[in-house]
file final.cif (mmCIF, C-alpha atoms)
data_model
#
loop_
_atom_site.label_atom_id
_atom_site.label_comp_id
_atom_site.auth_asym_id
_atom_site.auth_seq_id
_atom_site.Cartn_x
_atom_site.Cartn_y
_atom_site.Cartn_z
CA MET A 1 119.69 100.92 101.44
CA ARG A 2 120.56 102.79 98.25
CA LYS A 3 119.46 106.40 97.77
CA ARG A 4 115.87 106.83 96.56
CA ALA A 5 115.25 103.09 96.56
CA GLN A 6 111.94 102.01 95.03
CA ASP A 7 109.63 99.07 95.74
CA VAL A 8 111.00 98.38 99.23
CA SER A 9 109.05 95.49 100.78
CA VAL A 10 106.44 96.36 103.41
CA ASP A 11 107.80 93.42 105.44
CA THR A 12 110.93 95.49 106.08
CA LEU A 13 111.78 96.49 109.65
CA LEU A 14 113.88 99.58 109.12
CA GLU A 15 117.27 99.69 110.83
CA VAL A 16 119.70 102.63 110.83
CA ASP A 17 123.42 102.42 111.71
CA ALA A 18 126.17 105.04 111.63
CA ALA A 19 129.37 104.04 109.82
CA GLY A 20 132.37 105.94 111.15
CA GLY A 21 130.43 107.94 113.73
CA ASP A 22 127.99 107.91 116.63
CA LEU A 23 124.25 107.80 115.96
CA LEU A 24 122.56 110.59 117.94
CA GLY A 25 118.98 110.29 116.74
CA VAL A 26 116.72 109.13 113.91
CA ARG A 27 113.46 110.47 112.55
CA VAL A 28 111.44 108.62 109.88
CA THR A 29 108.53 110.49 108.29
CA SER A 30 105.96 109.89 105.55
CA PRO A 31 102.55 111.18 104.47
CA ALA A 32 101.14 108.22 106.46
CA GLY A 33 102.84 109.43 109.65
CA GLY A 34 106.05 108.75 111.49
CA VAL A 35 107.64 105.37 112.13
CA PRO A 36 108.40 104.69 115.82
CA GLY A 37 111.59 103.00 116.86
CA ARG A 38 114.23 102.75 119.55
CA ARG A 39 117.99 103.16 119.85
CA GLN A 40 119.95 100.21 121.13
CA HIS A 41 123.65 99.29 121.02
CA GLY A 42 124.53 102.17 118.74
CA SER A 43 121.82 101.59 116.13
CA TRP A 44 118.15 102.49 115.66
CA ARG A 45 115.49 99.91 114.81
CA ALA A 46 111.86 100.52 113.88
CA THR A 47 109.22 98.93 116.11
CA GLU A 48 106.54 98.95 113.41
CA ARG A 49 106.54 97.89 109.78
CA LEU A 50 106.16 100.12 106.74
CA GLU A 51 103.06 101.03 104.76
CA PRO A 52 102.52 99.93 101.15
CA GLY A 53 102.93 102.44 98.34
CA THR A 54 104.35 105.15 100.63
CA ALA A 55 107.30 107.56 100.31
CA TYR A 56 109.56 107.76 103.38
CA VAL A 57 112.30 110.16 104.49
CA VAL A 58 114.93 109.01 107.00
CA ARG A 59 116.91 111.74 108.78
CA ALA A 60 119.74 110.61 111.04
CA ARG A 61 121.88 112.84 113.27
CA VAL A 62 125.43 111.53 113.39
CA ARG A 63 128.45 112.80 115.32
CA GLY A 64 131.63 112.36 113.34
CA ALA A 65 135.14 113.77 113.42
CA ASP A 66 133.87 117.18 112.25
CA GLY A 67 130.96 117.32 114.70
CA PRO A 68 127.23 116.54 114.36
CA VAL A 69 125.73 116.30 110.88
CA VAL A 70 122.34 115.24 109.50
CA ARG A 71 122.20 112.54 106.83
CA GLU A 72 119.06 111.95 104.76
CA ARG A 73 117.80 108.99 102.74
CA ARG A 74 114.55 108.66 100.79
CA PHE A 75 112.80 105.50 99.63
CA ARG A 76 109.40 104.25 98.59
CA THR A 77 107.63 101.00 99.46
CA ALA A 78 105.89 98.76 96.96
CA GLY A 79 102.12 98.52 96.85
CA GLU A 80 100.84 95.48 98.72
CA THR A 81 98.98 92.50 97.32
CA VAL A 82 97.11 90.62 100.06
CA GLY A 83 95.22 87.38 100.46
CA VAL A 84 91.47 86.89 100.06
CA GLY A 85 90.86 86.87 103.83
CA MET A 86 92.40 90.24 104.67
CA PRO A 87 90.07 92.47 106.71
CA VAL A 88 90.31 96.25 106.88
CA VAL A 89 91.23 97.34 110.41
CA VAL A 90 90.73 100.94 111.59
CA GLN A 91 92.10 102.02 114.97
CA PHE A 92 91.46 105.34 116.72
CA ASP A 93 93.50 106.81 119.57
CA LEU A 94 90.42 108.20 121.35
CA PRO A 95 87.06 106.46 121.85
CA VAL A 96 84.37 106.92 119.21
CA THR A 97 81.15 106.91 121.21
CA ASP A 98 78.96 108.10 118.34
CA ARG A 99 79.75 105.24 115.99
CA ALA A 100 76.66 105.93 113.87
CA ALA A 101 78.07 109.37 112.98
CA MET A 102 81.53 108.05 112.18
CA GLU A 103 80.72 104.92 110.21
CA PRO A 104 79.01 106.58 107.19
CA GLU A 105 82.30 108.40 106.58
CA MET A 106 84.27 105.13 106.43
CA ALA A 107 83.80 103.93 102.86
CA VAL A 108 85.14 100.76 101.25
CA GLU A 109 84.94 100.50 97.45
CA SER A 110 85.89 97.28 95.70
CA THR A 111 86.22 96.37 92.05
CA PRO A 112 84.42 94.13 91.30
CA ARG A 113 81.74 95.17 93.79
CA GLN A 114 81.18 92.90 96.77
CA ALA A 115 78.81 93.14 99.72
CA GLY A 116 80.60 93.94 102.97
CA SER A 117 80.10 95.39 106.44
CA TRP A 118 81.88 97.15 109.29
CA HIS A 119 81.98 95.47 112.69
CA TRP A 120 83.02 97.45 115.78
CA LEU A 121 85.16 95.46 118.20
CA SER A 122 85.35 98.43 120.59
CA ASP A 123 85.06 102.22 120.66
CA THR A 124 88.60 102.43 119.31
CA GLU A 125 88.65 99.65 116.69
CA ALA A 126 86.44 98.74 113.71
CA HIS A 127 86.95 95.98 111.14
CA TYR A 128 85.49 95.56 107.65
CA ARG A 129 85.16 92.35 105.64
CA PRO A 130 83.16 91.25 102.62
CA LYS A 131 80.33 88.74 102.96
CA GLU A 132 82.51 86.05 101.39
CA TYR A 133 86.26 86.00 100.91
CA TRP A 134 87.44 88.76 98.58
CA GLN A 135 87.36 87.79 94.93
CA ALA A 136 90.86 87.18 93.60
CA GLY A 137 92.09 90.17 91.61
CA SER A 138 89.90 92.68 93.46
CA GLU A 139 91.06 96.28 93.81
CA VAL A 140 89.99 97.78 97.14
CA VAL A 141 90.05 101.43 98.22
CA VAL A 142 89.35 102.45 101.83
CA ASP A 143 88.32 106.11 102.19
CA LEU A 144 88.17 107.34 105.81
CA ASP A 145 86.66 110.81 105.39
CA ILE A 146 86.55 111.51 109.13
CA ASN A 147 88.09 114.97 109.36
CA GLY A 148 85.72 117.09 111.47
CA VAL A 149 83.20 114.30 112.14
CA ASP A 150 81.66 114.45 115.63
CA ALA A 151 82.68 111.19 117.34
CA GLY A 152 80.76 112.00 120.53
CA GLY A 153 81.93 113.12 123.95
CA GLY A 154 83.61 116.25 122.62
CA ILE A 155 85.86 114.27 120.27
CA TYR A 156 86.15 114.99 116.56
CA GLY A 157 87.87 113.25 113.70
CA GLN A 158 91.03 115.14 112.90
CA GLU A 159 92.61 113.61 109.80
CA SER A 160 91.21 111.71 106.85
CA ARG A 161 92.93 108.73 105.28
CA GLU A 162 92.85 106.72 102.10
CA VAL A 163 94.52 103.36 101.57
CA ALA A 164 94.32 100.93 98.66
CA PHE A 165 95.30 97.31 98.18
CA THR A 166 95.07 94.53 95.62
CA VAL A 167 93.82 91.01 96.33
CA GLY A 168 95.96 88.22 94.92
CA GLU A 169 95.22 84.60 94.11
CA ALA A 170 92.88 82.72 96.45
CA HIS A 171 95.15 80.77 98.82
CA VAL A 172 93.30 78.64 101.39
CA TYR A 173 95.15 76.21 103.66
CA ARG A 174 93.03 73.55 105.40
CA ILE A 175 94.52 71.98 108.51
CA ASP A 176 93.05 68.92 110.21
CA ALA A 177 94.58 68.51 113.67
CA GLN A 178 93.23 64.95 113.97
CA ARG A 179 94.70 63.76 110.67
CA HIS A 180 97.86 65.89 111.17
CA THR A 181 97.68 67.26 107.62
CA MET A 182 97.60 70.58 105.79
CA GLU A 183 95.97 70.77 102.37
CA VAL A 184 97.23 73.73 100.35
CA PHE A 185 94.75 75.12 97.82
CA SER A 186 95.32 77.87 95.26
CA GLU A 187 92.32 79.06 93.25
CA GLY A 188 90.46 75.94 94.40
CA ARG A 189 93.15 73.53 93.15
CA LEU A 190 94.93 71.25 95.63
CA LEU A 191 98.66 71.85 95.28
CA ARG A 192 100.07 69.74 98.07
CA THR A 193 99.16 67.79 101.21
CA ILE A 194 101.74 68.39 103.95
CA PRO A 195 102.28 66.37 107.14
CA ILE A 196 102.14 68.69 110.17
CA THR A 197 101.97 68.75 113.95
CA THR A 198 99.82 71.05 116.08
CA GLY A 199 99.35 71.72 119.82
CA LYS A 200 99.62 68.92 122.33
CA ALA A 201 97.40 68.45 125.41
CA GLY A 202 97.39 71.64 127.46
CA PHE A 203 98.44 73.71 124.44
CA THR A 204 95.60 72.94 122.06
CA THR A 205 95.65 74.77 118.73
CA ARG A 206 92.47 76.76 118.08
CA SER A 207 89.97 75.54 115.49
CA GLY A 208 88.36 78.06 113.19
CA THR A 209 89.38 80.44 110.43
CA LYS A 210 92.63 82.35 110.80
CA VAL A 211 94.39 84.81 108.52
CA VAL A 212 98.13 85.26 108.00
CA MET A 213 99.06 88.47 109.82
CA GLU A 214 102.85 88.68 109.48
CA LYS A 215 105.75 86.81 107.88
CA TYR A 216 109.31 86.36 109.16
CA GLU A 217 112.12 84.55 107.38
CA SER A 218 113.60 84.04 110.84
CA LYS A 219 112.11 84.86 114.24
CA ARG A 220 113.11 84.41 117.84
CA MET A 221 110.43 82.54 119.79
CA ASP A 222 110.60 82.92 123.57
CA SER A 223 107.89 81.06 125.47
CA GLU A 224 107.88 83.61 128.29
CA THR A 225 106.35 86.18 125.93
CA VAL A 226 103.21 84.03 125.74
CA GLY A 227 103.17 82.93 129.37
CA ILE A 228 104.81 79.50 129.04
CA GLY A 229 107.43 78.77 131.68
CA GLY A 230 108.76 76.03 133.90
CA ASP A 231 109.47 72.65 132.35
CA GLU A 232 107.70 73.69 129.12
CA ALA A 233 109.77 76.84 128.62
CA TYR A 234 111.76 77.37 125.41
CA ASP A 235 113.74 80.14 123.72
CA ILE A 236 114.68 79.49 120.09
CA ALA A 237 116.66 82.25 118.41
CA ASP A 238 116.09 81.52 114.73
CA VAL A 239 112.80 79.77 113.94
CA GLN A 240 112.61 79.79 110.13
CA TRP A 241 109.75 80.59 107.76
CA ALA A 242 107.37 81.84 110.47
CA MET A 243 103.86 83.07 109.61
CA ARG A 244 101.79 84.60 112.42
CA LEU A 245 98.12 83.59 112.66
CA THR A 246 96.99 85.00 116.03
CA SER A 247 97.87 87.81 118.40
CA SER A 248 98.24 85.19 121.14
CA GLY A 249 101.20 83.60 119.40
CA GLU A 250 100.11 80.83 117.02
CA PHE A 251 102.36 80.52 113.97
CA ILE A 252 102.98 78.19 111.08
CA HIS A 253 106.74 77.63 110.95
CA ALA A 254 109.57 75.23 110.22
CA ALA A 255 110.02 72.75 113.08
CA PRO A 256 112.86 70.38 112.17
CA TRP A 257 112.92 69.10 115.77
CA SER A 258 109.45 67.55 115.37
CA VAL A 259 109.72 65.99 111.89
CA GLY A 260 109.42 62.52 113.40
CA SER A 261 105.95 63.42 114.77
CA GLN A 262 104.68 65.40 111.81
CA GLY A 263 101.83 63.53 110.18
CA SER A 264 101.24 61.29 113.21
CA ALA A 265 101.10 63.20 116.52
CA ASN A 266 100.52 66.67 118.00
CA VAL A 267 103.57 67.70 120.03
CA SER A 268 103.83 71.53 119.77
CA HIS A 269 102.91 74.33 122.15
CA GLY A 270 100.11 75.49 119.82
CA CYS A 271 101.95 76.36 116.63
CA THR A 272 101.73 74.36 113.42
CA GLY A 273 105.08 72.71 112.65
CA LEU A 274 106.33 71.64 109.21
CA SER A 275 109.62 70.35 107.90
CA THR A 276 112.03 73.10 106.88
CA GLU A 277 111.64 72.20 103.19
CA GLN A 278 107.83 72.28 103.31
CA ALA A 279 107.78 75.48 105.36
CA ALA A 280 110.08 77.26 102.90
CA TRP A 281 107.85 76.24 99.98
CA LEU A 282 104.70 77.44 101.76
CA TYR A 283 106.34 80.70 102.89
CA SER A 284 107.37 81.54 99.33
CA MET A 285 103.76 81.53 98.09
CA THR A 286 102.04 83.00 101.14
CA ARG A 287 100.84 86.58 101.47
CA ARG A 288 99.46 88.47 104.43
CA GLY A 289 95.73 87.88 104.30
CA ASP A 290 95.88 84.27 103.12
CA VAL A 291 93.33 82.02 104.83
CA VAL A 292 94.09 79.09 107.14
CA GLU A 293 91.07 76.96 108.16
CA TYR A 294 91.59 74.69 111.19
CA THR A 295 89.44 71.74 112.27
CA GLY A 296 89.86 68.86 114.69
CA THR A 297 90.18 70.48 118.13
CA ASP A 298 87.76 71.53 120.86
CA ARG A 299 89.29 74.98 121.34
CA ALA A 300 87.65 77.74 119.30
CA MET A 301 89.28 80.66 117.50
CA THR A 302 87.85 84.04 118.58
CA LEU A 303 87.02 87.23 116.72
CA ASP A 304 89.53 89.43 118.56
CA ASN A 305 92.59 87.16 118.45
CA GLY A 306 94.27 88.68 115.43
CA PHE A 307 92.19 88.79 112.25
CA GLY A 308 89.42 86.52 113.51
CA ASP A 309 86.69 88.20 111.45
CA TRP A 310 85.70 85.04 109.56
CA ASN A 311 84.65 83.23 112.74
CA LEU A 312 81.29 85.02 112.85
CA GLY A 313 78.45 84.24 110.47
CA TRP A 314 77.45 87.03 108.11
CA ALA A 315 74.30 88.06 110.01
CA GLU A 316 76.15 88.25 113.32
CA TYR A 317 79.07 90.10 111.79
CA ARG A 318 76.80 92.65 110.12
CA ALA A 319 74.97 93.19 113.42
CA GLY A 320 78.22 94.71 114.73
CA SER A 321 77.80 97.66 112.37
CA ALA A 322 76.69 100.88 114.04
CA LEU A 323 74.18 101.32 111.23
CA GLY A 324 72.87 97.75 111.19
CA CYS A 325 73.49 97.59 107.47
CA ALA A 326 75.91 96.42 104.83
CA THR A 327 77.36 98.22 101.83
CA ARG A 328 75.10 97.71 98.84
CA HIS A 329 77.67 96.30 96.45
CA ASP A 330 75.65 93.27 95.42
CA GLU A 331 73.10 95.39 93.57
CA GLY A 332 73.35 97.83 90.70
CA PRO A 333 74.80 101.29 91.28
CA HIS A 334 72.87 104.09 92.92
CA PRO A 335 71.15 106.22 90.25
CA THR A 336 73.53 109.10 91.03
CA ASP A 337 76.51 106.98 92.01
CA ARG A 338 80.01 107.70 90.85
CA VAL A 339 83.19 106.00 91.93
CA GLY A 340 83.89 106.70 95.60
CA ALA A 341 81.01 109.17 95.97
CA PHE A 342 78.45 107.21 97.98
CA VAL A 343 78.25 104.61 100.70
CA SER A 344 75.00 102.80 99.94
CA CYS A 345 73.36 100.68 102.64
CA ARG A 346 70.68 98.05 102.75
CA CYS A 347 69.40 98.59 106.26
CA LEU A 348 67.88 96.25 108.80
CA SER A 349 64.50 96.90 110.38
CA GLY A 350 64.56 100.16 112.30
CA CYS A 351 67.79 101.39 110.74
CA ARG A 352 67.50 105.06 109.74
CA ALA A 353 70.88 105.38 108.08
CA THR A 354 70.93 107.00 104.66
CA SER A 355 73.56 107.36 102.02
CA ARG A 356 74.85 110.81 101.26
CA PRO A 357 77.54 112.30 99.04
CA ARG A 358 80.98 112.04 100.58
CA ARG A 359 82.96 115.22 101.12
CA ARG A 360 85.66 115.73 98.54
CA GLY A 361 87.56 118.51 100.30
CA GLY A 362 91.00 117.63 101.58
CA ARG A 363 94.02 115.75 100.41
CA ARG A 364 94.00 111.96 100.24
CA THR A 365 97.16 110.04 100.92
CA GLY A 366 98.35 106.50 101.44
CA GLY A 367 97.46 104.58 104.58
CA ARG A 368 99.27 103.15 107.57
CA ARG A 369 98.42 99.70 108.71
CA PRO A 370 98.18 98.36 112.07
CA SER A 371 101.05 96.59 113.63
CA GLY A 372 99.15 95.93 111.12
CA PRO A 373 98.72 94.39 109.60
CA PRO A 374 100.74 95.29 111.62
CA GLY A 375 97.53 94.74 110.63
CA ALA A 376 95.84 94.96 107.89
CA PRO A 377 95.43 98.26 106.18
CA ALA A 378 94.50 100.55 109.08
CA ALA A 379 94.26 104.10 110.32
CA ARG A 380 95.79 104.89 113.66
CA ALA A 381 95.10 108.14 115.42
CA ARG A 382 96.99 110.64 117.45
CA ALA A 383 95.20 113.10 119.69
CA ARG A 384 95.31 116.88 119.78
CA ARG A 385 93.38 119.28 121.97
CA GLY A 386 91.84 122.43 120.59
CA GLY A 387 88.69 124.23 119.61
CA ALA A 388 85.85 123.03 117.39
CA PRO A 389 87.40 121.51 114.26
CA PRO A 390 86.93 123.00 110.80
CA ARG A 391 86.42 120.63 107.89
CA ALA A 392 89.80 121.52 106.49
CA ARG A 393 92.48 119.66 104.60
CA PRO A 394 94.33 117.31 106.95
CA ARG A 395 97.92 118.07 107.76
CA SER A 396 99.07 114.46 107.46
CA ALA A 397 97.78 111.07 106.49
CA SER A 398 96.86 109.48 109.82
CA ALA A 399 93.20 109.23 110.79
CA ARG A 400 93.08 111.14 114.03
CA CYS A 401 90.59 112.38 116.58
CA ARG A 402 90.73 115.42 118.81
CA ARG A 403 88.90 116.41 121.95
CA THR A 404 87.37 119.88 122.34
CA ARG A 405 87.53 121.84 125.55
CA PRO A 406 84.24 123.10 127.01
CA CYS A 407 83.59 126.81 126.46
#
call {"tool": "encode", "arguments": {"input": "final.cif", "output": "structure tokens"}}
result
Amino acid sequence: MRKRAQDVSVDTLLEVDAAGGDLLGVRVTSPAGGVPGRRQHGSWRATERLEPGTAYVVRARVRGADGPVVRERRFRTAGETVGVGMPVVVQFDLPVTDRAAMEPEMAVESTPRQAGSWHWLSDTEAHYRPKEYWQAGSEVVVDLDINGVDAGGGIYGQESREVAFTVGEAHVYRIDAQRHTMEVFSEGRLLRTIPITTGKAGFTTRSGTKVVMEKYESKRMDSETVGIGGDEAYDIADVQWAMRLTSSGEFIHAAPWSVGSQGSANVSHGCTGLSTEQAAWLYSMTRRGDVVEYTGTDRAMTLDNGFGDWNLGWAEYRAGSALGCATRHDEGPHPTDRVGAFVSCRCLSGCRATSRPRRRGGRRTGGRRPSGPPGAPAARARARRGGAPPRARPRSASARCRRTRPC
């Protein structure tokens, strides 16, 4: 990588080697937090992907002929444009038991405005999605103003976060496992119908709405990592044009070995196989967050298997909010509203949540997504013990919680 490189892709998995010396250690830092990795066979490779629109510093300790030295490189990633199905995913390192106190400080502002809601999957993970797919061209800002917020059980928010993303063209891929076809739509226009194969008996592909989570030009696929062994085991070193759809291991990818069955039979272990030519074409237009709608099987996609947020109806999804309400972006602005200043809610019966001005103290910096998305844009926390937290400027960009000790 050249010095001070700009617009580095967020798909990059950073790798550091030492030319003419021995690599002793690597540290990668950014306002969004550090990048974890591991040393292996004389090099260092990141285990998580980079954040969009973020400045990074790589410091490597190298032992050469003149002894140990530290080499430094700086670069910046490009801002990310995502698909219309991309949810916001927030992860905390400690449980948030008072979700109703935390959620009002987790604001999502979109331009143009669109109704949306948080949905808590657990005490450590919350997702946000709009009522319908994001409108193409939307600009979205996620403001996690959690520093000092009482999360319950002696835990407080430690660091606030802000992350922004742009929504690209509306790409929706419709797969019918019975007809063995994929219809590729962009902005509602059918671009191509592709013959495909999906999961065979015993490895049925899930029906429902999935979202592209990750992309790999080439990926090793080892069946043992998803629990497939025995006569069905496989280990393919270089599967091309792979796009992850679920945490459990469903991908769309090139499958030249099954071209004879594509369009006529389901012969895979759950993935969706295309010819290499068709897969390369689809890969070139696909973004993280693009939508893939599956029909034709009796196995259902679930909410928690990757970005499964679109598999709940709007009322059920909104019921997963700690406040029982949705952001009021389908009405006119609050009389005193200004950009980013309020989280306005239309509440369900019995909901006592109210909107209030958001704190403006503290520095806002770019966000770190989940492995994310790799997630989607996300905030991951690290814990620290200490006394009662002041509402002070955060020291770094990660959304964090801390636990207080009893007096």
call {"tool": "closest_residue", "arguments": {"input": "final.cif", "among": "A:Asn266, A:Gln158, A:Ser186, A:Thr302", "to": "Gly208 in chain A", "atoms": "only C-alpha atoms"}}
result
A:Thr302
call {"tool": "closest_residue", "arguments": {"input": "final.cif", "among": "A:Ala170, A:Val10, A:Val89, A:Ala255", "to": "Pro52 in chain A", "atoms": "only C-alpha atoms"}}
result
A:Val10
call {"tool": "closest_residue", "arguments": {"input": "final.cif", "among": "A:Thr77, A:Leu50, A:Leu323, A:Lys215", "to": "Ser284 in chain A", "atoms": "only C-alpha atoms"}}
result
A:Lys215
call {"tool": "closest_residue", "arguments": {"input": "final.cif", "among": "A:Ala126, A:Ile146, A:Val26, A:Val211", "to": "Tyr317 in chain A", "atoms": "all atoms listed in the file"}}
result
A:Ala126
call {"tool": "resolve_selection", "arguments": {"input": "final.cif", "expression": "the PyMOL selection byres ((chain A and resi 252) around 7)", "output": "list of chain:residue names"}}
result
A:Ala242, A:Met243, A:Arg244, A:Phe251, A:His253, A:Cys271, A:Thr272, A:Gly273
call {"tool": "axis_aligned_box", "arguments": {"input": "final.cif", "around": "range 146-154 of chain A", "padding_each_side": "6 Å", "output": "AutoDock Vina command-line options"}}
result
--center_x 84.4 --center_y 114.1 --center_z 116.5 --size_x 19.3 --size_y 17.9 --size_z 26.8
call {"tool": "residues_around", "arguments": {"input": "final.cif", "residues": "Thr246 in chain A", "least_positions_apart": "5", "cutoff": "9 Å", "atoms": "all atoms listed in the file", "output": "short mmCIF file (atom, residue, chain, number, x, y, z; two decimals) with C-alpha atoms, keeping the file's coordinate frame"}}
result
data_model
loop_
_atom_site.label_atom_id
_atom_site.label_comp_id
_atom_site.auth_asym_id
_atom_site.auth_seq_id
_atom_site.Cartn_x
_atom_site.Cartn_y
_atom_site.Cartn_z
CA LYS A 210 92.63 82.35 110.80
CA VAL A 211 94.39 84.81 108.52
CA VAL A 212 98.13 85.26 108.00
CA MET A 213 99.06 88.47 109.82
CA PHE A 251 102.36 80.52 113.97
CA MET A 301 89.28 80.66 117.50
CA ASN A 305 92.59 87.16 118.45
CA GLY A 306 94.27 88.68 115.43
CA PHE A 307 92.19 88.79 112.25
CA GLY A 308 89.42 86.52 113.51
#
call {"tool": "resolve_selection", "arguments": {"input": "final.cif", "expression": "the PyMOL selection byres ((chain A and resi 236) around 7)", "output": "list in words"}}
result
Arg220, Met221, Asp222, Tyr234, Asp235, Ala237, Asp238 and Val239 of chain A
call {"tool": "resolve_selection", "arguments": {"input": "final.cif", "expression": "the PyMOL selection byres ((chain A and resi 19) around 12)", "output": "PDB file with C-alpha atoms, keeping the file's coordinate frame"}}
result
ATOM      1  CA  VAL A  16     119.700 102.630 110.830  1.00  0.00           C
ATOM      2  CA  ASP A  17     123.420 102.420 111.710  1.00  0.00           C
ATOM      3  CA  ALA A  18     126.170 105.040 111.630  1.00  0.00           C
ATOM      4  CA  GLY A  20     132.370 105.940 111.150  1.00  0.00           C
ATOM      5  CA  GLY A  21     130.430 107.940 113.730  1.00  0.00           C
ATOM      6  CA  ASP A  22     127.990 107.910 116.630  1.00  0.00           C
ATOM      7  CA  LEU A  23     124.250 107.800 115.960  1.00  0.00           C
ATOM      8  CA  GLY A  42     124.530 102.170 118.740  1.00  0.00           C
ATOM      9  CA  SER A  43     121.820 101.590 116.130  1.00  0.00           C
ATOM     10  CA  ALA A  60     119.740 110.610 111.040  1.00  0.00           C
ATOM     11  CA  VAL A  62     125.430 111.530 113.390  1.00  0.00           C
ATOM     12  CA  ARG A  63     128.450 112.800 115.320  1.00  0.00           C
ATOM     13  CA  GLY A  64     131.630 112.360 113.340  1.00  0.00           C
ATOM     14  CA  ALA A  65     135.140 113.770 113.420  1.00  0.00           C
ATOM     15  CA  ARG A  71     122.200 112.540 106.830  1.00  0.00           C
TER      16      ARG A  71
END
call {"tool": "residues_around", "arguments": {"input": "final.cif", "residues": "Gln240 in chain A", "least_positions_apart": "6", "cutoff": "10 Å", "atoms": "all atoms listed in the file", "output": "PDB file with C-alpha atoms, keeping the file's coordinate frame"}}
result
ATOM      1  CA  TYR A 216     109.310  86.360 109.160  1.00  0.00           C
ATOM      2  CA  GLU A 217     112.120  84.550 107.380  1.00  0.00           C
ATOM      3  CA  SER A 218     113.600  84.040 110.840  1.00  0.00           C
ATOM      4  CA  LYS A 219     112.110  84.860 114.240  1.00  0.00           C
ATOM      5  CA  ARG A 220     113.110  84.410 117.840  1.00  0.00           C
ATOM      6  CA  ILE A 252     102.980  78.190 111.080  1.00  0.00           C
ATOM      7  CA  HIS A 253     106.740  77.630 110.950  1.00  0.00           C
ATOM      8  CA  ALA A 254     109.570  75.230 110.220  1.00  0.00           C
ATOM      9  CA  ALA A 255     110.020  72.750 113.080  1.00  0.00           C
ATOM     10  CA  PRO A 256     112.860  70.380 112.170  1.00  0.00           C
ATOM     11  CA  THR A 276     112.030  73.100 106.880  1.00  0.00           C
ATOM     12  CA  ALA A 279     107.780  75.480 105.360  1.00  0.00           C
ATOM     13  CA  ALA A 280     110.080  77.260 102.900  1.00  0.00           C
ATOM     14  CA  TYR A 283     106.340  80.700 102.890  1.00  0.00           C
TER      15      TYR A 283
END
call {"tool": "atom_distance", "arguments": {"input": "final.cif", "atom1": "CA of Val140 in chain A", "atom2": "CA of Leu191 in chain A"}}
result
27.4 Å
